[in-house]
file query_0.txt (compact mmCIF, C-alpha atoms and all ligand atoms)
# COMPACT_ATOMS: atom_id res chain seq x y z
CA MET A 1 99.88 91.71 106.79
CA ASN A 2 100.34 93.68 109.99
CA VAL A 3 99.61 90.54 112.02
CA TYR A 4 102.38 88.78 110.11
CA ASP A 5 104.73 91.77 110.46
CA SER A 6 104.04 92.06 114.20
CA GLU A 7 105.01 88.42 114.68
CA ARG A 8 108.23 89.03 112.73
CA MET A 9 109.02 92.09 114.89
CA ILE A 10 108.55 90.04 118.05
CA GLU A 11 110.95 87.45 116.64
CA ALA A 12 113.49 90.10 115.60
CA LEU A 13 113.45 91.62 119.10
CA GLY A 14 113.61 88.14 120.67
CA GLY A 15 117.33 88.16 119.82
CA ALA A 16 117.73 91.31 121.94
CA GLY A 17 116.14 89.56 124.93
CA TYR A 18 112.58 90.82 124.53
CA GLU A 19 109.47 88.71 124.87
CA GLU A 20 105.83 89.59 124.28
CA THR A 21 103.78 90.95 127.18
CA SER A 22 100.02 90.86 127.37
CA THR A 23 99.63 94.46 128.57
CA PRO A 24 101.51 97.74 127.92
CA ASP A 25 101.84 98.18 131.70
CA ASP A 26 104.41 95.35 131.83
CA ALA A 27 106.37 96.42 128.77
CA ASP A 28 109.93 97.72 128.44
CA MET A 29 109.15 98.59 124.86
CA ILE A 30 105.83 99.44 123.25
CA LEU A 31 105.66 99.20 119.46
CA LEU A 32 102.57 100.47 117.70
CA ASN A 33 102.32 98.63 114.39
CA THR A 34 100.17 100.92 112.31
CA CYS A 35 98.03 100.76 109.18
CA HIS A 36 97.48 103.74 106.93
CA ILE A 37 94.41 102.42 105.12
CA ARG A 38 91.71 103.61 107.51
CA GLU A 39 90.54 107.17 107.87
CA LYS A 40 92.61 109.59 109.98
CA ALA A 41 95.15 106.85 110.61
CA ALA A 42 97.93 109.22 111.68
CA GLU A 43 95.68 111.16 114.09
CA LYS A 44 94.64 107.89 115.74
CA VAL A 45 98.29 106.97 116.23
CA TYR A 46 99.04 110.32 117.91
CA SER A 47 96.09 109.96 120.24
CA GLU A 48 97.11 106.36 121.04
CA LEU A 49 100.67 107.52 121.78
CA GLY A 50 99.34 110.13 124.21
CA ARG A 51 97.91 107.30 126.28
CA PHE A 52 101.41 105.97 126.99
CA LYS A 53 102.60 109.22 128.57
CA HIS A 54 101.91 108.08 132.12
CA LEU A 55 103.75 104.79 131.52
CA LYS A 56 106.82 106.66 130.34
CA ALA A 57 106.57 108.90 133.43
CA GLN A 58 106.52 105.80 135.66
CA ASN A 59 109.33 104.08 133.78
CA PRO A 60 111.78 106.47 132.06
CA ASP A 61 113.57 103.46 130.49
CA LEU A 62 110.44 102.48 128.60
CA LYS A 63 111.01 102.65 124.84
CA ILE A 64 108.14 103.66 122.58
CA GLY A 65 108.19 102.99 118.86
CA VAL A 66 105.93 103.40 115.85
CA ALA A 67 106.11 100.83 113.06
CA GLY A 68 104.17 100.13 109.86
CA CYS A 69 102.72 102.34 107.17
CA VAL A 70 101.96 105.41 109.32
CA ALA A 71 105.63 105.33 110.40
CA GLN A 72 106.61 105.16 106.74
CA ALA A 73 104.31 108.01 105.74
CA GLU A 74 104.99 110.35 108.68
CA GLY A 75 108.67 109.56 109.38
CA GLN A 76 110.48 112.22 111.43
CA GLU A 77 107.23 114.15 111.90
CA ILE A 78 106.17 111.55 114.51
CA MET A 79 109.07 112.42 116.79
CA ARG A 80 108.47 116.12 116.27
CA ARG A 81 104.81 115.87 117.24
CA GLN A 82 105.26 113.32 119.98
CA PRO A 83 108.72 113.60 121.62
CA LEU A 84 108.15 110.52 123.79
CA VAL A 85 108.65 108.35 120.69
CA ASP A 86 112.13 106.76 120.64
CA LEU A 87 111.92 104.79 117.45
CA VAL A 88 110.20 105.00 114.06
CA VAL A 89 110.50 102.02 111.72
CA GLY A 90 108.96 101.53 108.27
CA PRO A 91 107.59 98.18 107.07
CA GLN A 92 110.69 97.38 105.02
CA SER A 93 113.15 97.80 107.91
CA TYR A 94 111.79 95.86 110.88
CA HIS A 95 114.67 93.34 110.67
CA ARG A 96 116.89 96.25 111.77
CA LEU A 97 114.95 96.63 115.03
CA PRO A 98 117.69 95.09 117.25
CA GLN A 99 120.23 97.71 116.08
CA MET A 100 117.66 100.46 116.46
CA GLU A 101 116.79 99.24 119.94
CA ALA A 102 120.49 99.31 120.91
CA LYS A 103 120.67 102.92 119.74
CA THR A 104 117.70 103.90 121.90
CA ARG A 105 119.35 102.25 124.92
CA ASP A 106 122.21 104.72 124.39
CA GLY A 107 119.67 107.50 124.74
CA GLN A 108 119.47 108.26 121.01
CA LYS A 109 116.40 108.40 118.78
CA ALA A 110 116.29 105.83 115.97
CA ILE A 111 114.49 106.25 112.67
CA ASP A 112 114.55 103.96 109.64
CA THR A 113 112.10 104.33 106.79
CA ASP A 114 114.44 103.06 104.05
CA PHE A 115 113.68 100.52 101.39
CA PRO A 116 116.89 98.56 101.98
CA GLU A 117 118.53 96.20 99.49
CA GLU A 118 119.07 93.36 101.99
CA ASP A 119 116.35 90.76 102.52
CA LYS A 120 114.33 91.71 105.59
CA PHE A 121 113.04 88.14 105.81
CA ASP A 122 116.57 86.72 106.20
CA HIS A 123 116.51 86.71 110.00
CA LEU A 124 113.58 84.27 109.93
CA LYS A 125 115.90 81.28 109.59
CA ASP A 126 117.30 81.94 113.08
CA ARG A 127 113.98 82.16 114.88
CA PRO A 128 113.13 79.73 117.68
CA LYS A 129 111.07 76.67 116.68
CA ALA A 130 108.07 77.54 118.85
CA ARG A 131 104.76 75.77 118.23
CA ARG A 132 102.37 77.83 116.09
CA ALA A 133 98.61 78.06 115.65
CA PRO A 134 97.42 75.74 112.83
CA ALA A 135 96.65 78.62 110.45
CA ALA A 136 99.39 81.11 109.60
CA PHE A 137 100.17 83.96 107.22
CA LEU A 138 103.19 84.01 104.96
CA THR A 139 104.19 87.14 103.07
CA VAL A 140 105.21 86.37 99.49
CA GLN A 141 104.92 89.77 97.86
CA GLU A 142 104.85 93.37 99.00
CA GLY A 143 104.07 96.72 97.44
CA CYS A 144 101.98 97.60 94.44
CA ASP A 145 102.49 99.20 91.03
CA LYS A 146 98.81 99.81 90.30
CA PHE A 147 98.35 103.29 91.83
CA CYS A 148 94.59 103.22 92.37
CA ALA A 149 93.57 106.86 92.89
CA PHE A 150 92.37 106.30 96.49
CA CYS A 151 95.19 104.13 97.82
CA VAL A 152 98.37 104.83 99.79
CA VAL A 153 99.94 101.39 99.43
CA PRO A 154 102.22 102.24 96.46
CA TYR A 155 103.57 105.19 98.51
CA THR A 156 103.95 103.44 101.89
CA ARG A 157 104.88 99.91 100.85
CA GLY A 158 106.68 100.84 97.63
CA ALA A 159 106.88 99.08 94.27
CA GLU A 160 105.97 95.41 93.82
CA VAL A 161 108.62 93.05 95.16
CA SER A 162 108.23 89.26 95.19
CA ARG A 163 110.20 86.96 97.49
CA PRO A 164 112.17 84.14 95.86
CA GLY A 165 110.31 80.80 95.65
CA ASP A 166 112.91 78.76 97.58
CA LYS A 167 112.76 81.14 100.57
CA ILE A 168 108.97 80.88 100.67
CA LEU A 169 109.12 77.08 100.49
CA THR A 170 111.68 76.99 103.32
CA GLU A 171 109.48 79.23 105.46
CA ALA A 172 106.40 77.13 104.64
CA ARG A 173 108.19 73.89 105.64
CA ASP A 174 109.36 75.56 108.85
CA LEU A 175 105.76 76.59 109.64
CA VAL A 176 104.52 73.05 108.98
CA GLU A 177 107.20 71.64 111.32
CA ARG A 178 105.76 73.95 114.00
CA GLY A 179 102.22 72.68 113.59
CA VAL A 180 100.81 74.86 110.81
CA ARG A 181 98.34 73.11 108.48
CA GLU A 182 96.97 76.12 106.59
CA ILE A 183 98.94 78.97 105.04
CA THR A 184 97.51 82.19 103.65
CA LEU A 185 99.91 83.74 101.17
CA LEU A 186 99.97 87.49 101.65
CA GLY A 187 100.69 90.37 99.37
CA GLN A 188 99.20 93.79 98.73
CA ASN A 189 98.78 92.60 95.15
CA VAL A 190 99.46 88.93 95.73
CA ASN A 191 98.40 87.58 92.35
CA ALA A 192 100.98 89.80 90.66
CA TYR A 193 103.56 87.55 92.40
CA HIS A 194 106.54 86.84 90.15
CA GLY A 195 109.39 85.47 92.25
CA VAL A 196 112.64 83.82 91.23
CA ALA A 197 112.02 80.07 90.77
CA PRO A 198 114.36 77.68 92.62
CA GLN A 199 115.68 76.28 89.32
CA GLY A 200 116.03 79.73 87.75
CA GLY A 201 113.44 81.57 85.68
CA GLU A 202 110.32 82.94 87.25
CA TRP A 203 107.39 81.58 89.23
CA SER A 204 103.88 82.98 88.98
CA LEU A 205 101.53 82.72 91.94
CA SER A 206 100.04 79.51 90.54
CA ASP A 207 103.55 77.99 90.18
CA LEU A 208 104.16 78.83 93.82
CA ILE A 209 100.81 77.34 94.87
CA TRP A 210 101.54 74.13 92.98
CA ALA A 211 104.96 73.86 94.66
CA LEU A 212 103.33 74.37 98.08
CA ASN A 213 100.76 71.75 97.17
CA ASP A 214 103.63 69.22 97.35
CA VAL A 215 104.69 70.21 100.87
CA ASP A 216 103.86 67.26 103.13
CA GLY A 217 101.82 68.19 106.17
CA LEU A 218 100.54 71.42 104.64
CA GLU A 219 96.84 70.83 103.98
CA ARG A 220 95.38 74.16 102.96
CA ILE A 221 96.50 77.12 100.88
CA ARG A 222 94.82 80.51 100.52
CA PHE A 223 96.00 83.85 99.17
CA THR A 224 95.00 87.48 99.57
CA THR A 225 94.62 90.23 98.22
CA SER A 226 94.21 90.03 94.47
CA HIS A 227 93.64 92.44 91.59
CA PRO A 228 91.12 91.31 88.92
CA ASN A 229 93.59 92.04 86.10
CA ASP A 230 96.14 89.63 87.56
CA MET A 231 93.75 86.65 87.65
CA THR A 232 95.68 84.78 84.96
CA ASP A 233 94.50 81.60 83.19
CA ASP A 234 96.90 79.40 85.15
CA LEU A 235 95.73 80.84 88.48
CA ILE A 236 92.07 80.37 87.55
CA ALA A 237 92.81 76.79 86.46
CA ALA A 238 94.61 76.11 89.77
CA HIS A 239 91.33 76.80 91.58
CA GLY A 240 89.80 73.83 89.79
CA GLU A 241 92.80 71.51 89.91
CA CYS A 242 94.95 72.18 92.95
CA GLU A 243 93.70 70.00 95.76
CA LYS A 244 95.01 72.13 98.64
CA LEU A 245 93.89 75.50 97.26
CA MET A 246 90.74 76.37 99.21
CA PRO A 247 87.47 77.36 97.45
CA TYR A 248 87.55 80.97 98.60
CA LEU A 249 88.63 84.02 96.63
CA HIS A 250 88.86 87.59 97.84
CA LEU A 251 88.66 89.68 94.69
CA PRO A 252 88.08 93.40 95.26
CA VAL A 253 86.11 95.34 92.63
CA GLN A 254 85.47 98.63 94.54
CA SER A 255 82.69 99.85 92.20
CA GLY A 256 80.31 98.51 89.56
CA SER A 257 80.41 101.71 87.48
CA ASP A 258 82.91 101.87 84.65
CA LYS A 259 83.08 105.65 84.95
CA ILE A 260 84.05 105.41 88.64
CA LEU A 261 86.43 102.51 88.02
CA LYS A 262 88.19 104.68 85.48
CA ARG A 263 88.34 107.62 87.90
CA MET A 264 89.72 105.20 90.50
CA ASN A 265 92.41 104.13 88.00
CA ARG A 266 91.42 100.52 88.57
CA SER A 267 92.26 99.49 84.97
CA HIS A 268 89.41 96.96 84.78
CA THR A 269 85.72 97.33 83.98
CA ALA A 270 82.65 95.87 85.64
CA GLU A 271 82.28 93.52 82.70
CA SER A 272 85.89 92.28 82.79
CA TYR A 273 85.50 91.66 86.55
CA LEU A 274 82.29 89.68 86.01
CA LYS A 275 84.04 87.65 83.29
CA VAL A 276 86.78 86.69 85.75
CA ILE A 277 84.16 85.63 88.30
CA GLU A 278 82.39 83.56 85.65
CA ARG A 279 85.62 81.79 84.69
CA ILE A 280 86.57 81.16 88.32
CA ARG A 281 83.14 79.65 88.95
CA ALA A 282 83.47 77.48 85.84
CA ALA A 283 86.76 76.18 87.25
CA ARG A 284 85.48 75.79 90.83
CA PRO A 285 81.67 75.97 91.00
CA ASP A 286 81.41 76.02 94.81
CA ILE A 287 83.94 78.83 95.32
CA LEU A 288 82.94 81.52 97.82
CA ILE A 289 83.60 85.02 96.50
CA SER A 290 84.50 87.91 98.75
CA GLY A 291 85.00 91.54 97.69
CA ASP A 292 85.87 95.10 98.68
CA PHE A 293 83.71 98.17 97.99
CA ILE A 294 84.25 101.89 98.28
CA VAL A 295 81.00 103.84 98.42
CA GLY A 296 80.72 107.57 97.69
CA PHE A 297 83.91 107.97 95.69
CA PRO A 298 84.16 111.51 94.21
CA GLU A 299 81.71 111.99 91.29
CA GLU A 300 79.71 108.84 92.14
CA THR A 301 76.13 109.53 90.96
CA ASP A 302 72.98 107.66 91.98
CA GLN A 303 73.26 105.70 88.73
CA ASP A 304 76.92 104.79 89.42
CA PHE A 305 75.89 103.50 92.82
CA GLU A 306 73.00 101.52 91.31
CA ASP A 307 75.53 99.95 88.92
CA THR A 308 77.49 98.77 91.96
CA MET A 309 74.33 97.32 93.50
CA GLU A 310 73.60 95.52 90.23
CA LEU A 311 77.10 94.05 90.12
CA ILE A 312 76.67 92.78 93.68
CA ARG A 313 73.39 91.10 92.66
CA GLN A 314 75.13 89.42 89.76
CA VAL A 315 78.12 88.17 91.76
CA ASN A 316 76.34 87.05 94.95
CA TYR A 317 79.01 87.60 97.61
CA GLY A 318 79.71 85.28 100.51
CA GLN A 319 81.59 88.06 102.27
CA ALA A 320 82.70 91.65 101.63
CA PHE A 321 84.45 94.61 103.17
CA SER A 322 82.80 97.94 102.42
CA PHE A 323 83.63 101.49 103.40
CA LYS A 324 82.63 105.06 102.74
CA TYR A 325 85.29 106.80 100.68
CA SER A 326 87.59 108.92 102.81
CA THR A 327 90.58 110.89 101.64
CA ARG A 328 94.20 109.80 101.96
CA PRO A 329 96.60 112.74 101.80
CA GLY A 330 98.92 112.49 98.82
CA THR A 331 96.59 110.36 96.68
CA PRO A 332 94.97 111.86 93.53
CA ALA A 333 91.36 111.35 94.69
CA ALA A 334 92.00 113.37 97.87
CA GLU A 335 92.23 116.51 95.72
CA ARG A 336 88.79 116.06 94.14
CA ASP A 337 85.40 117.42 95.22
CA GLN A 338 83.96 115.16 97.91
CA LEU A 339 80.39 113.85 98.24
CA PRO A 340 78.32 114.75 101.32
CA GLU A 341 78.82 112.42 104.28
CA ASP A 342 75.10 111.64 104.74
CA LEU A 343 74.79 110.56 101.10
CA LYS A 344 77.77 108.24 101.50
CA SER A 345 76.28 106.83 104.72
CA GLU A 346 72.94 106.17 103.11
CA ARG A 347 74.53 104.35 100.17
CA LEU A 348 76.79 102.34 102.44
CA TYR A 349 73.80 101.28 104.53
CA ARG A 350 71.96 100.00 101.44
CA LEU A 351 75.02 98.23 100.07
CA GLN A 352 75.83 96.53 103.36
CA ALA A 353 72.23 95.39 103.75
CA LEU A 354 72.34 93.71 100.33
CA ILE A 355 75.65 92.03 101.03
CA ALA A 356 74.50 90.88 104.48
CA GLU A 357 71.46 89.28 102.84
CA GLN A 358 73.63 87.41 100.32
CA GLN A 359 76.16 86.43 102.96
CA GLN A 360 73.47 85.04 105.25
CA ALA A 361 71.75 83.11 102.42
CA ILE A 362 75.06 81.48 101.42
CA GLN A 363 75.84 80.65 105.04
CA ASP A 364 72.33 79.23 105.57
CA SER A 365 72.73 77.03 102.48
CA MET A 366 75.50 75.17 104.34
CA VAL A 367 73.00 73.62 106.77
CA GLY A 368 72.78 69.87 106.14
CA ARG A 369 76.07 69.86 104.22
CA ASP A 370 79.35 68.26 105.27
CA VAL A 371 82.29 70.67 105.36
CA SER A 372 85.89 70.11 106.37
CA VAL A 373 86.95 72.14 109.41
CA LEU A 374 90.47 72.95 110.58
CA ILE A 375 90.15 73.09 114.36
CA GLU A 376 91.86 76.23 115.70
CA LYS A 377 90.91 76.50 119.38
CA ALA A 378 88.38 75.70 122.10
CA GLY A 379 85.04 77.45 121.59
CA ARG A 380 83.62 80.09 123.89
CA PHE A 381 81.11 77.64 125.34
CA GLU A 382 81.87 74.40 127.16
CA GLY A 383 81.98 71.33 124.94
CA GLN A 384 82.77 73.23 121.74
CA MET A 385 85.78 73.51 119.48
CA VAL A 386 85.97 76.15 116.79
CA GLY A 387 87.67 76.25 113.42
CA LYS A 388 87.31 77.35 109.82
CA SER A 389 85.65 75.55 106.95
CA GLU A 390 87.20 75.43 103.50
CA TYR A 391 84.93 78.41 102.67
CA LEU A 392 86.39 80.36 105.62
CA HIS A 393 83.18 80.19 107.65
CA ALA A 394 83.74 79.99 111.40
CA VAL A 395 82.34 76.64 112.53
CA HIS A 396 81.57 75.62 116.12
CA VAL A 397 81.85 71.86 116.48
CA LEU A 398 79.97 70.20 119.32
CA ASP A 399 82.80 67.95 120.43
CA GLN A 400 85.57 68.91 122.82
CA THR A 401 87.78 65.91 122.17
CA ILE A 402 89.09 67.02 118.78
CA PRO A 403 92.69 68.23 119.01
CA VAL A 404 93.67 71.67 117.74
CA GLY A 405 95.19 71.33 114.27
CA GLU A 406 92.98 68.41 113.27
CA ILE A 407 90.92 68.65 110.05
CA VAL A 408 87.55 66.98 110.53
CA LYS A 409 84.39 66.46 108.50
CA VAL A 410 81.52 68.32 110.12
CA ARG A 411 77.81 68.11 109.33
CA ILE A 412 76.34 71.61 109.62
CA THR A 413 73.23 71.70 111.79
CA GLU A 414 72.74 75.41 112.38
CA SER A 415 73.48 78.75 110.76
CA ASN A 416 73.95 81.61 113.23
CA ARG A 417 74.58 85.28 112.64
CA ASN A 418 78.31 85.07 111.94
CA SER A 419 79.11 81.41 112.25
CA LEU A 420 77.92 77.86 111.71
CA THR A 421 77.40 75.04 114.20
CA GLY A 422 77.79 71.35 113.46
CA ILE A 423 78.55 67.86 114.68
CA LEU A 424 81.22 65.42 113.57
CA ALA A 425 80.06 63.64 110.40
CA ASN A 426 80.49 59.87 110.27
S1 LIG B 1 95.75 97.36 93.58
FE1 LIG B 1 95.22 97.40 95.76
S2 LIG B 1 97.16 97.89 96.82
FE2 LIG B 1 97.44 98.42 94.66
S3 LIG B 1 96.98 100.60 94.52
FE3 LIG B 1 95.09 99.48 94.03
S4 LIG B 1 94.00 99.25 96.00
FE4 LIG B 1 96.12 99.85 96.47

call {"tool": "encode", "arguments": {"input": "query_0.txt", "output": "structure tokens", "more": "lines below"}}
Ligand code: SF4
result
Amino acid sequence: MNVYDSERMIEALGGAGYEETSTPDDADMILLNTCHIREKAAEKVYSELGRFKHLKAQNPDLKIGVAGCVAQAEGQEIMRRQPLVDLVVGPQSYHRLPQMEAKTRDGQKAIDTDFPEEDKFDHLKDRPKARRAPAAFLTVQEGCDKFCAFCVVPYTRGAEVSRPGDKILTEARDLVERGVREITLLGQNVNAYHGVAPQGGEWSLSDLIWALNDVDGLERIRFTTSHPNDMTDDLIAAHGECEKLMPYLHLPVQSGSDKILKRMNRSHTAESYLKVIERIRAARPDILISGDFIVGFPEETDQDFEDTMELIRQVNYGQAFSFKYSTRPGTPAAERDQLPEDLKSERLYRLQALIAEQQQAIQDSMVGRDVSVLIEKAGRFEGQMVGKSEYLHAVHVLDQTIPVGEIVKVRITESNRNSLTGILAN
């Protein structure tokens, strides 16, 4: 989502005469777009800001800003701790950047961490029609009402808000006009999407996906990130029936122990999660499942961890993101007794080894198969193009004549560590 938001900030500031530079040394404004999910996020931002001190000394007109969830969480404190910061903007206010920038030009500090009423996506209609990469993100929903005990999202991104269906369709058509063939619908809890339908009433995520399925020129649809409890019947069915919806689902579980899931306030059990996976696979047998895991959550016993390992064996993941639990100030789990670091590390090591084994086996099983690849760019080596398969595997295609944006059938000849290699299929 921060990639998407950064692009929108560049567009918003485009109206004030700014364009992107490739290095901070050339910049008249440096905006750090921050994420609060990782450990010690705020401290990393302060240390990063310290690195810009010499640039500000060389160019007193240089403006420095902090955006994103750390800006939202820290607010005014950022300017107190690091006076070289001119501007602090939360994720709901980046459309106000031009006004904030004008204020800083007058020598004032600008801070905006509101959750404004107006639609922050409204300025998108005025953006220049520049050509885009063939795969793009599109935010459809923000915020979360679930309040998992470890997570800051409900505090930094606020309550669940879904964008109206017609605005999403307009943005999708605009992206297609600019060369986009694949759209990943984004939301912190994307499958809880419930936007106003163009004809009135409400659209669920599957309604939105079906509407996007009819957009000419758009060839692929994905969505992320989902909560198991919001995998509704219609959304599961769409995986089997909607031609443009890709066979890939990122469905975080976090733990395989019901006790820990309860302490995490996840509101699902290991069994209900496995049921969803079973139904998704019944609808789309070849779907690749990806997940998220937190290891070493407070009170996690050896048995709880073994339950997680067992769940992983049952699901067989094609990909997963896994982390040691670390505290987020202000969240309930941060107040609890913490497990020793070395125990967490040992468990994480074992879990990642199991997932890596599954991931590699699934990737290796692609050898000899034909997959469809959306070509995204030239490969690192001469004579190669690289793109993504429908299962989101990176695929190197041994043919340099295929244009970027083309979707081609590729016969997989080789499985490497993190990618596949193939040749054009007849
Ligand atoms: S559902 Fe996801 S975004 Fe929402 S609180 Fe839980 S982890 Fe955070």

call {"tool": "closest_residue", "arguments": {"input": "query_0.txt", "among": "A:Val88, A:Ala283, A:Met29, A:Val295", "to": "Leu339 (chain A)", "atoms": "only C-alpha atoms"}}
result
A:Val295

call {"tool": "residues_near_point", "arguments": {"input": "query_0.txt", "point": "(83.7, 87.2, 92.0)", "cutoff": "10 Å", "atoms": "only C-alpha atoms", "output": "VMD selection string"}}
result
chain A and resid 228 248 to 253 273 to 281 287 to 291 311 to 312 314 to 318

call {"tool": "residues_near_ligand", "arguments": {"input": "query_0.txt", "ligand": "ligand LIG 1 (chain B)", "cutoff": "9 Å", "atoms": "all atoms listed in the file", "output": "list of chain:residue names"}}
result
A:Gly143, A:Cys144, A:Asp145, A:Lys146, A:Phe147, A:Cys148, A:Ala149, A:Phe150, A:Cys151, A:Val152, A:Val153, A:Pro154, A:Tyr155, A:Arg157, A:Gly187, A:Gln188, A:Asn189, A:Thr225, A:Ser226, A:His227, A:Pro228, A:Pro252, A:Gln254, A:Met264, A:Asn265, A:Arg266

call {"tool": "write_last_selection", "arguments": {"input": "query_0.txt", "atoms": "C-alpha atoms", "output": "PDB file, in the frame of the given file"}}
result
ATOM      1  CA  GLY A 143     104.070  96.720  97.440  1.00  0.00           C
ATOM      2  CA  CYS A 144     101.980  97.600  94.440  1.00  0.00           C
ATOM      3  CA  ASP A 145     102.490  99.200  91.030  1.00  0.00           C
ATOM      4  CA  LYS A 146      98.810  99.810  90.300  1.00  0.00           C
ATOM      5  CA  PHE A 147      98.350 103.290  91.830  1.00  0.00           C
ATOM      6  CA  CYS A 148      94.590 103.220  92.370  1.00  0.00           C
ATOM      7  CA  ALA A 149      93.570 106.860  92.890  1.00  0.00           C
ATOM      8  CA  PHE A 150      92.370 106.300  96.490  1.00  0.00           C
ATOM      9  CA  CYS A 151      95.190 104.130  97.820  1.00  0.00           C
ATOM     10  CA  VAL A 152      98.370 104.830  99.790  1.00  0.00           C
ATOM     11  CA  VAL A 153      99.940 101.390  99.430  1.00  0.00           C
ATOM     12  CA  PRO A 154     102.220 102.240  96.460  1.00  0.00           C
ATOM     13  CA  TYR A 155     103.570 105.190  98.510  1.00  0.00           C
ATOM     14  CA  ARG A 157     104.880  99.910 100.850  1.00  0.00           C
ATOM     15  CA  GLY A 187     100.690  90.370  99.370  1.00  0.00           C
ATOM     16  CA  GLN A 188      99.200  93.790  98.730  1.00  0.00           C
ATOM     17  CA  ASN A 189      98.780  92.600  95.150  1.00  0.00           C
ATOM     18  CA  THR A 225      94.620  90.230  98.220  1.00  0.00           C
ATOM     19  CA  SER A 226      94.210  90.030  94.470  1.00  0.00           C
ATOM     20  CA  HIS A 227      93.640  92.440  91.590  1.00  0.00           C
ATOM     21  CA  PRO A 228      91.120  91.310  88.920  1.00  0.00           C
ATOM     22  CA  PRO A 252      88.080  93.400  95.260  1.00  0.00           C
ATOM     23  CA  GLN A 254      85.470  98.630  94.540  1.00  0.00           C
ATOM     24  CA  MET A 264      89.720 105.200  90.500  1.00  0.00           C
ATOM     25  CA  ASN A 265      92.410 104.130  88.000  1.00  0.00           C
ATOM     26  CA  ARG A 266      91.420 100.520  88.570  1.00  0.00           C
TER      27      ARG A 266
END

call {"tool": "residues_around", "arguments": {"input": "query_0.txt", "residues": "Ser257 (chain A)", "least_positions_apart": "4", "cutoff": "12 Å", "atoms": "only C-alpha atoms", "output": "ChimeraX atom specification"}}
result
/A:253,261-264,266,268-273,293-297,299-312

call {"tool": "write_last_selection", "arguments": {"input": "query_0.txt", "atoms": "C-alpha atoms", "output": "PDB file, keeping the file's coordinate frame"}}
result
ATOM      1  CA  VAL A 253      86.110  95.340  92.630  1.00  0.00           C
ATOM      2  CA  LEU A 261      86.430 102.510  88.020  1.00  0.00           C
ATOM      3  CA  LYS A 262      88.190 104.680  85.480  1.00  0.00           C
ATOM      4  CA  ARG A 263      88.340 107.620  87.900  1.00  0.00           C
ATOM      5  CA  MET A 264      89.720 105.200  90.500  1.00  0.00           C
ATOM      6  CA  ARG A 266      91.420 100.520  88.570  1.00  0.00           C
ATOM      7  CA  HIS A 268      89.410  96.960  84.780  1.00  0.00           C
ATOM      8  CA  THR A 269      85.720  97.330  83.980  1.00  0.00           C
ATOM      9  CA  ALA A 270      82.650  95.870  85.640  1.00  0.00           C
ATOM     10  CA  GLU A 271      82.280  93.520  82.700  1.00  0.00           C
ATOM     11  CA  SER A 272      85.890  92.280  82.790  1.00  0.00           C
ATOM     12  CA  TYR A 273      85.500  91.660  86.550  1.00  0.00           C
ATOM     13  CA  PHE A 293      83.710  98.170  97.990  1.00  0.00           C
ATOM     14  CA  ILE A 294      84.250 101.890  98.280  1.00  0.00           C
ATOM     15  CA  VAL A 295      81.000 103.840  98.420  1.00  0.00           C
ATOM     16  CA  GLY A 296      80.720 107.570  97.690  1.00  0.00           C
ATOM     17  CA  PHE A 297      83.910 107.970  95.690  1.00  0.00           C
ATOM     18  CA  GLU A 299      81.710 111.990  91.290  1.00  0.00           C
ATOM     19  CA  GLU A 300      79.710 108.840  92.140  1.00  0.00           C
ATOM     20  CA  THR A 301      76.130 109.530  90.960  1.00  0.00           C
ATOM     21  CA  ASP A 302      72.980 107.660  91.980  1.00  0.00           C
ATOM     22  CA  GLN A 303      73.260 105.700  88.730  1.00  0.00           C
ATOM     23  CA  ASP A 304      76.920 104.790  89.420  1.00  0.00           C
ATOM     24  CA  PHE A 305      75.890 103.500  92.820  1.00  0.00           C
ATOM     25  CA  GLU A 306      73.000 101.520  91.310  1.00  0.00           C
ATOM     26  CA  ASP A 307      75.530  99.950  88.920  1.00  0.00           C
ATOM     27  CA  THR A 308      77.490  98.770  91.960  1.00  0.00           C
ATOM     28  CA  MET A 309      74.330  97.320  93.500  1.00  0.00           C
ATOM     29  CA  GLU A 310      73.600  95.520  90.230  1.00  0.00           C
ATOM     30  CA  LEU A 311      77.100  94.050  90.120  1.00  0.00           C
ATOM     31  CA  ILE A 312      76.670  92.780  93.680  1.00  0.00           C
TER      32      ILE A 312
END

call {"tool": "closest_residue", "arguments": {"input": "query_0.txt", "among": "A:Ala353, A:Lys53, A:Arg181, A:Tyr325", "to": "Glu341 (chain A)", "atoms": "only C-alpha atoms"}}
result
A:Tyr325

call {"tool": "atom_distance", "arguments": {"input": "query_0.txt", "atom1": "CA of Pro116 (chain A)", "atom2": "CA of Glu142 (chain A)"}}
result
13.4 Å

call {"tool": "closest_atom_pairs", "arguments": {"input": "query_0.txt", "of": "region 181-259 of chain A", "to": "region 374-377 of chain A", "cutoff": "10 Å", "atoms": "all atoms listed in the file", "output": "CSV"}}
result
residue,atom,partner,partner_atom,distance
A:Arg181,CA,A:Leu374,CA,8.1
A:Glu182,CA,A:Leu374,CA,8.3
A:Glu219,CA,A:Leu374,CA,9.4
A:Arg220,CA,A:Leu374,CA,9.1

call {"tool": "atom_distance", "arguments": {"input": "query_0.txt", "atom1": "CA of Phe115 (chain A)", "atom2": "CA of Gly165 (chain A)"}}
result
20.8 Å

call {"tool": "closest_residue", "arguments": {"input": "query_0.txt", "among": "A:Ala12, A:Leu32, A:Leu392, A:Met231", "to": "Asp122 (chain A)", "atoms": "only C-alpha atoms"}}
result
A:Ala12

call {"tool": "atom_distance", "arguments": {"input": "query_0.txt", "atom1": "CA of Gly200 (chain A)", "atom2": "CA of Pro164 (chain A)"}}
result
10.0 Å

call {"tool": "residues_around", "arguments": {"input": "query_0.txt", "residues": "Phe381 (chain A)", "least_positions_apart": "2", "cutoff": "12 Å", "atoms": "all atoms listed in the file", "output": "ChimeraX atom specification"}}
result
/A:377-379,383-386,396-400
